[in-house]
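Below is model35.pdb, holding PDB, C-alpha atoms.
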```
ATOM      1  CA  MET A  19      93.933 114.667  98.082
ATOM      2  CA  LYS A  20      97.564 113.689  97.530
ATOM      3  CA  LYS A  21      97.984 110.643  95.327
ATOM      4  CA  GLY A  22      99.630 107.632  96.944
ATOM      5  CA  LEU A  23     102.944 106.197  95.827
ATOM      6  CA  GLY A  24     101.306 103.235  94.076
ATOM      7  CA  THR A  25      98.944 105.498  92.152
ATOM      8  CA  GLN A  26     101.825 107.717  91.094
ATOM      9  CA  LEU A  27     103.949 104.763  89.970
ATOM     10  CA  ARG A  28     101.102 103.208  87.963
ATOM     11  CA  HIS A  29     100.415 106.552  86.285
ATOM     12  CA  LEU A  30     104.105 107.036  85.458
ATOM     13  CA  ILE A  31     104.294 103.545  83.924
ATOM     14  CA  GLU A  32     101.132 104.231  81.894
ATOM     15  CA  LEU A  33     102.650 107.447  80.542
ATOM     16  CA  LEU A  34     106.000 105.861  79.698
ATOM     17  CA  ASP A  35     104.888 102.444  78.420
ATOM     18  CA  GLY A  36     101.974 103.918  76.497
ATOM     19  CA  ALA A  37     104.282 106.260  74.593
ATOM     20  CA  VAL A  38     106.825 103.511  73.897
ATOM     21  CA  GLU A  39     104.092 101.158  72.699
ATOM     22  CA  GLN A  40     102.740 103.916  70.431
ATOM     23  CA  ALA A  41     106.230 104.419  68.980
ATOM     24  CA  TYR A  42     106.308 100.719  68.047
ATOM     25  CA  VAL A  43     102.876 101.043  66.415
ATOM     26  CA  GLU A  44     104.061 104.095  64.453
ATOM     27  CA  ALA A  45     107.148 102.123  63.367
ATOM     28  CA  ARG A  46     104.753  99.358  62.211
ATOM     29  CA  LEU A  47     106.240  96.848  64.632
ATOM     30  CA  ASP A  48     104.076  94.195  66.266
ATOM     31  CA  TYR A  49     106.069  94.401  69.471
ATOM     32  CA  ARG A  50     105.433  95.163  73.138
ATOM     33  CA  PRO A  51     107.722  97.076  75.517
ATOM     34  CA  ARG A  52     107.756  94.141  77.940
ATOM     35  CA  TYR A  53     109.718  92.104  75.362
ATOM     36  CA  THR A  54     112.682  94.501  75.419
ATOM     37  CA  PRO A  55     114.683  93.110  78.380
ATOM     38  CA  VAL A  56     114.602  89.629  76.812
ATOM     39  CA  MET A  57     115.396  90.919  73.320
ATOM     40  CA  ARG A  58     118.302  93.007  74.619
ATOM     41  CA  VAL A  59     119.880  90.014  76.368
ATOM     42  CA  LEU A  60     119.479  87.800  73.308
ATOM     43  CA  ALA A  61     120.799  90.541  71.021
ATOM     44  CA  GLU A  62     124.040  90.335  73.022
ATOM     45  CA  GLN A  63     124.305  86.566  73.406
ATOM     46  CA  GLU A  64     123.059  83.695  71.288
ATOM     47  CA  SER A  65     120.988  81.965  73.943
ATOM     48  CA  ALA A  66     120.153  81.967  77.633
ATOM     49  CA  THR A  67     118.135  80.036  80.174
ATOM     50  CA  ILE A  68     115.017  81.623  81.671
ATOM     51  CA  GLY A  69     116.981  82.220  84.880
ATOM     52  CA  GLU A  70     119.759  83.957  82.972
ATOM     53  CA  LEU A  71     117.223  86.090  81.090
ATOM     54  CA  ALA A  72     115.632  87.087  84.386
ATOM     55  CA  ALA A  73     118.944  87.986  86.019
ATOM     56  CA  LEU A  74     120.479  89.769  83.029
ATOM     57  CA  GLY A  75     117.237  91.485  82.021
ATOM     58  CA  GLY A  76     116.356  92.678  85.511
ATOM     59  CA  LEU A  77     113.152  90.624  85.625
ATOM     60  CA  THR A  78     111.638  88.262  88.127
ATOM     61  CA  GLN A  79     111.679  84.594  87.151
ATOM     62  CA  PRO A  80     107.852  84.501  86.716
ATOM     63  CA  ALA A  81     107.933  87.660  84.560
ATOM     64  CA  ALA A  82     110.707  86.199  82.394
ATOM     65  CA  THR A  83     108.795  82.913  82.021
ATOM     66  CA  GLN A  84     105.577  84.707  81.011
ATOM     67  CA  THR A  85     107.358  87.072  78.626
ATOM     68  CA  VAL A  86     109.246  84.244  76.930
ATOM     69  CA  ALA A  87     105.994  82.299  76.473
ATOM     70  CA  LEU A  88     104.370  85.338  74.828
ATOM     71  CA  MET A  89     107.371  85.875  72.586
ATOM     72  CA  VAL A  90     107.479  82.223  71.523
ATOM     73  CA  ARG A  91     103.794  82.477  70.525
ATOM     74  CA  LYS A  92     104.626  85.645  68.546
ATOM     75  CA  GLY A  93     107.389  83.778  66.720
ATOM     76  CA  LEU A  94     110.190  85.940  68.121
ATOM     77  CA  LEU A  95     111.932  83.227  70.151
ATOM     78  CA  THR A  96     112.727  79.538  70.020
ATOM     79  CA  ILE A  97     113.303  77.147  72.900
ATOM     80  CA  ALA A  98     115.645  74.180  72.680
ATOM     81  CA  THR A  99     116.576  71.625  75.308
ATOM     82  CA  SER A 100     120.180  71.106  76.278
ATOM     83  CA  GLY A 101     122.305  69.841  79.119
ATOM     84  CA  GLU A 102     123.274  66.311  79.984
ATOM     85  CA  ASP A 103     119.761  65.198  80.836
ATOM     86  CA  GLY A 104     117.963  67.418  78.307
ATOM     87  CA  ARG A 105     116.042  69.279  81.004
ATOM     88  CA  GLN A 106     117.727  72.627  80.577
ATOM     89  CA  ARG A 107     115.813  74.914  78.231
ATOM     90  CA  MET A 108     117.778  77.410  76.177
ATOM     91  CA  VAL A 109     115.975  80.406  74.714
ATOM     92  CA  GLY A 110     117.193  82.058  71.523
ATOM     93  CA  LEU A 111     115.986  84.474  68.893
ATOM     94  CA  SER A 112     114.050  82.980  66.001
ATOM     95  CA  ALA A 113     114.788  84.095  62.443
ATOM     96  CA  GLY A 114     111.908  86.571  62.794
ATOM     97  CA  GLY A 115     113.309  87.899  66.067
ATOM     98  CA  LYS A 116     116.748  88.368  64.511
ATOM     99  CA  ALA A 117     115.233  90.135  61.504
ATOM    100  CA  LEU A 118     113.424  92.570  63.814
ATOM    101  CA  LEU A 119     116.573  93.655  65.693
ATOM    102  CA  PRO A 120     117.776  96.437  63.338
ATOM    103  CA  ARG A 121     114.394  98.199  63.481
ATOM    104  CA  LEU A 122     114.169  97.685  67.239
ATOM    105  CA  ARG A 123     117.606  99.185  67.767
ATOM    106  CA  VAL A 124     116.422 102.377  66.055
ATOM    107  CA  CYS A 125     113.408 102.509  68.393
ATOM    108  CA  TRP A 126     115.592 101.801  71.423
ATOM    109  CA  GLN A 127     117.915 104.680  70.488
ATOM    110  CA  ALA A 128     114.939 107.047  70.220
ATOM    111  CA  THR A 129     113.573 105.809  73.560
ATOM    112  CA  LYS A 130     116.981 106.324  75.201
ATOM    113  CA  ALA A 131     117.175 109.867  73.817
ATOM    114  CA  ALA A 132     113.663 110.579  75.133
ATOM    115  CA  ALA A 133     114.591 109.191  78.565
ATOM    116  CA  ASP A 134     117.723 111.340  78.622
ATOM    117  CA  SER A 135     115.584 114.350  77.715
ATOM    118  CA  LEU A 136     113.197 113.578  80.579
ATOM    119  CA  ASP A 137     116.101 113.229  83.005
ATOM    120  CA  ALA A 138     117.453 116.608  81.847
ATOM    121  CA  ASP A 139     114.070 118.262  82.529
ATOM    122  CA  LEU A 140     113.960 117.068  86.128
ATOM    123  CA  SER A 141     115.737 118.568  89.117
ATOM    124  CA  PHE A 142     116.892 115.038  90.021
ATOM    125  CA  PRO A 143     117.201 112.481  87.173
ATOM    126  CA  LEU A 144     114.424 109.888  87.319
ATOM    127  CA  SER A 145     116.852 107.140  86.307
ATOM    128  CA  THR A 146     119.096 107.948  89.284
ATOM    129  CA  CYS A 147     116.130 108.079  91.646
ATOM    130  CA  LEU A 148     114.877 104.699  90.389
ATOM    131  CA  ASP A 149     118.336 103.131  90.739
ATOM    132  CA  GLN A 150     118.535 104.370  94.325
ATOM    133  CA  ALA A 151     114.993 103.225  95.165
ATOM    134  CA  ILE A 152     115.615  99.739  93.750
ATOM    135  CA  ALA A 153     118.930  99.397  95.597
ATOM    136  CA  SER A 154     117.317 100.553  98.834
ATOM    137  CA  LEU A 155     114.397  98.125  98.452
ATOM    138  CA  GLU A 156     116.755  95.262  97.640
ATOM    139  CA  LYS A 157     118.554  96.038 100.903
ATOM    140  CA  ARG A 158     115.359  96.440 102.927
ATOM    141  CA  PRO A 159     112.147  95.343 101.154
ATOM    142  CA  PHE A 160     109.004  97.450 101.226
ATOM    143  CA  GLY A 161     107.125  94.692 103.077
ATOM    144  CA  ALA A 162     109.636  94.904 105.925
ATOM    145  CA  ARG A 163     109.216  98.669 105.965
ATOM    146  CA  ILE A 164     105.448  98.261 106.262
ATOM    147  CA  ARG A 165     105.844  95.780 109.120
ATOM    148  CA  ASP A 166     108.370  98.061 110.832
ATOM    149  CA  ALA A 167     105.962 100.991 110.622
ATOM    150  CA  ASN A 168     103.821  99.058 113.116
ATOM    151  CA  LEU A 169     100.705 101.014 112.198
ATOM    152  CA  PRO A 170      97.877 100.734 114.718
ATOM    153  CA  ASP A 171      94.754  98.857 113.709
ATOM    154  CA  GLN A 172      92.593 101.452 111.960
ATOM    155  CA  ARG A 173      89.410  99.415 111.482
ATOM    156  CA  ASP A 174      87.546 101.497 114.094
ATOM    157  CA  ASP A 175      88.927 104.848 112.938
ATOM    158  CA  GLY A 176      87.493 104.784 109.416
ATOM    159  CA  PRO A 177      89.473 104.578 106.194
ATOM    160  CA  ALA A 178      93.205 105.192 106.315
ATOM    161  CA  ASP A 179      94.785 107.860 104.130
ATOM    162  CA  GLU A 180      95.721 106.629 100.712
ATOM    163  CA  LEU A 181      99.337 105.554 101.025
ATOM    164  CA  PHE A 182      99.923 102.926  98.377
ATOM    165  CA  THR A 183      96.717 102.426  96.441
TER
END
```
As structure tokens, how would this structure be written, given the file I've shared?
Amino acid sequence: MKKGLGTQLRHLIELLDGAVEQAYVEARLDYRPRYTPVMRVLAEQESATIGELAALGGLTQPAATQTVALMVRKGLLTIATSGEDGRQRMVGLSAGGKALLPRLRVCWQATKAAADSLDADLSFPLSTCLDQAIASLEKRPFGARIRDANLPDQRDDGPADELFT
């Protein structure tokens, strides 16, 4: 049976993230791949709001909020209030987060080289395919595509083929 798109994507993420996480373990870094978009933004600018981290890091607002909370607990980030009324929260690297950057940059370079190697092995670069898929889904979301497919009710016909499980 052909694997569905969701199954394929989850498997791809497991293969990629698992290898990246293992590289951090081998480098003796207590660090998770999910921290990287936030760390990369804050390596380039001193501080940012959660919304800015989400936008610049390519994350959803809830994902950025959860990741920042994890990183604060790990001692990698600090949060300070700012703005006229003190309600704006600015996120920045802690001393520990700043100290980790040189070792992370080495890992990021190795990960980039590995990704380039993967792209070179494929008939169509995965990075290009992902860019196109994301742009297409931002233009017309997958939920709209499902609704537009107008699939007939299949409750009486038995289980549907695996499409996105």
**OP:** Measuring atom to atom with all atoms listed in the file, identify which of A:Ala117, A:Cys125, A:Ala153, A:Leu111 is nearest to Glu64 of chain A.
**Re:** A:Leu111
**OP:** Report the distance between atom CA of Ser154 of chain A and atom CA of Val86 of chain A in Å, rounded to one decimal place.
**Re:**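 Those two atoms sit 28.5 Å apart.
The smallest atom-to-atom distance between Ala81 of chain A and any of A:Pro55, A:Glu62, A:Asp48, A:Arg105, using only C-alpha atoms, is found for A:Pro55.
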Original post:
Which value, in Å to one decimal, gives the distance between atom CA of Leu33 of chain A and atom CA of Thr54 of chain A?
Top reply: 17.2 Å
Subject >> Near-Arg46 of chain A list (12 Å; all atoms listed in the file; drop same-chain fewer than 5 positions) as a PyMOL selection string >> reply: chain A and resi 39-41+118+121-122+125
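Nearest residue to Ala37 of chain A among A:Thr85, A:Thr25, A:Thr78, A:Thr129 is A:Thr129, counting all atoms listed in the file.
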Subject >> Met108 of chain A surroundings by only C-alpha atoms, 7 Å radius, close-in-sequence under 6 positions cut, as a list in words >> reply: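 In the requested form, the answer reads Ser65, Ala66, Thr67, Ile97, Ala98, Thr99 and Ser100 of chain A.
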**OP:** Let me know the residues the PyMOL selection byres ((chain A and resi 58) around 12) catches in the file above, as a ChimeraX atom specification.
**Re:** /A:51-57,59-66,71-72,74-76,110-111,115-116,118-120,122-123,126
Original post:
A:Leu34, A:Lys130, A:Asp166, A:Tyr49: which is nearest Leu88 of chain A, counting all atoms listed in the file?
Top reply: A:Tyr49
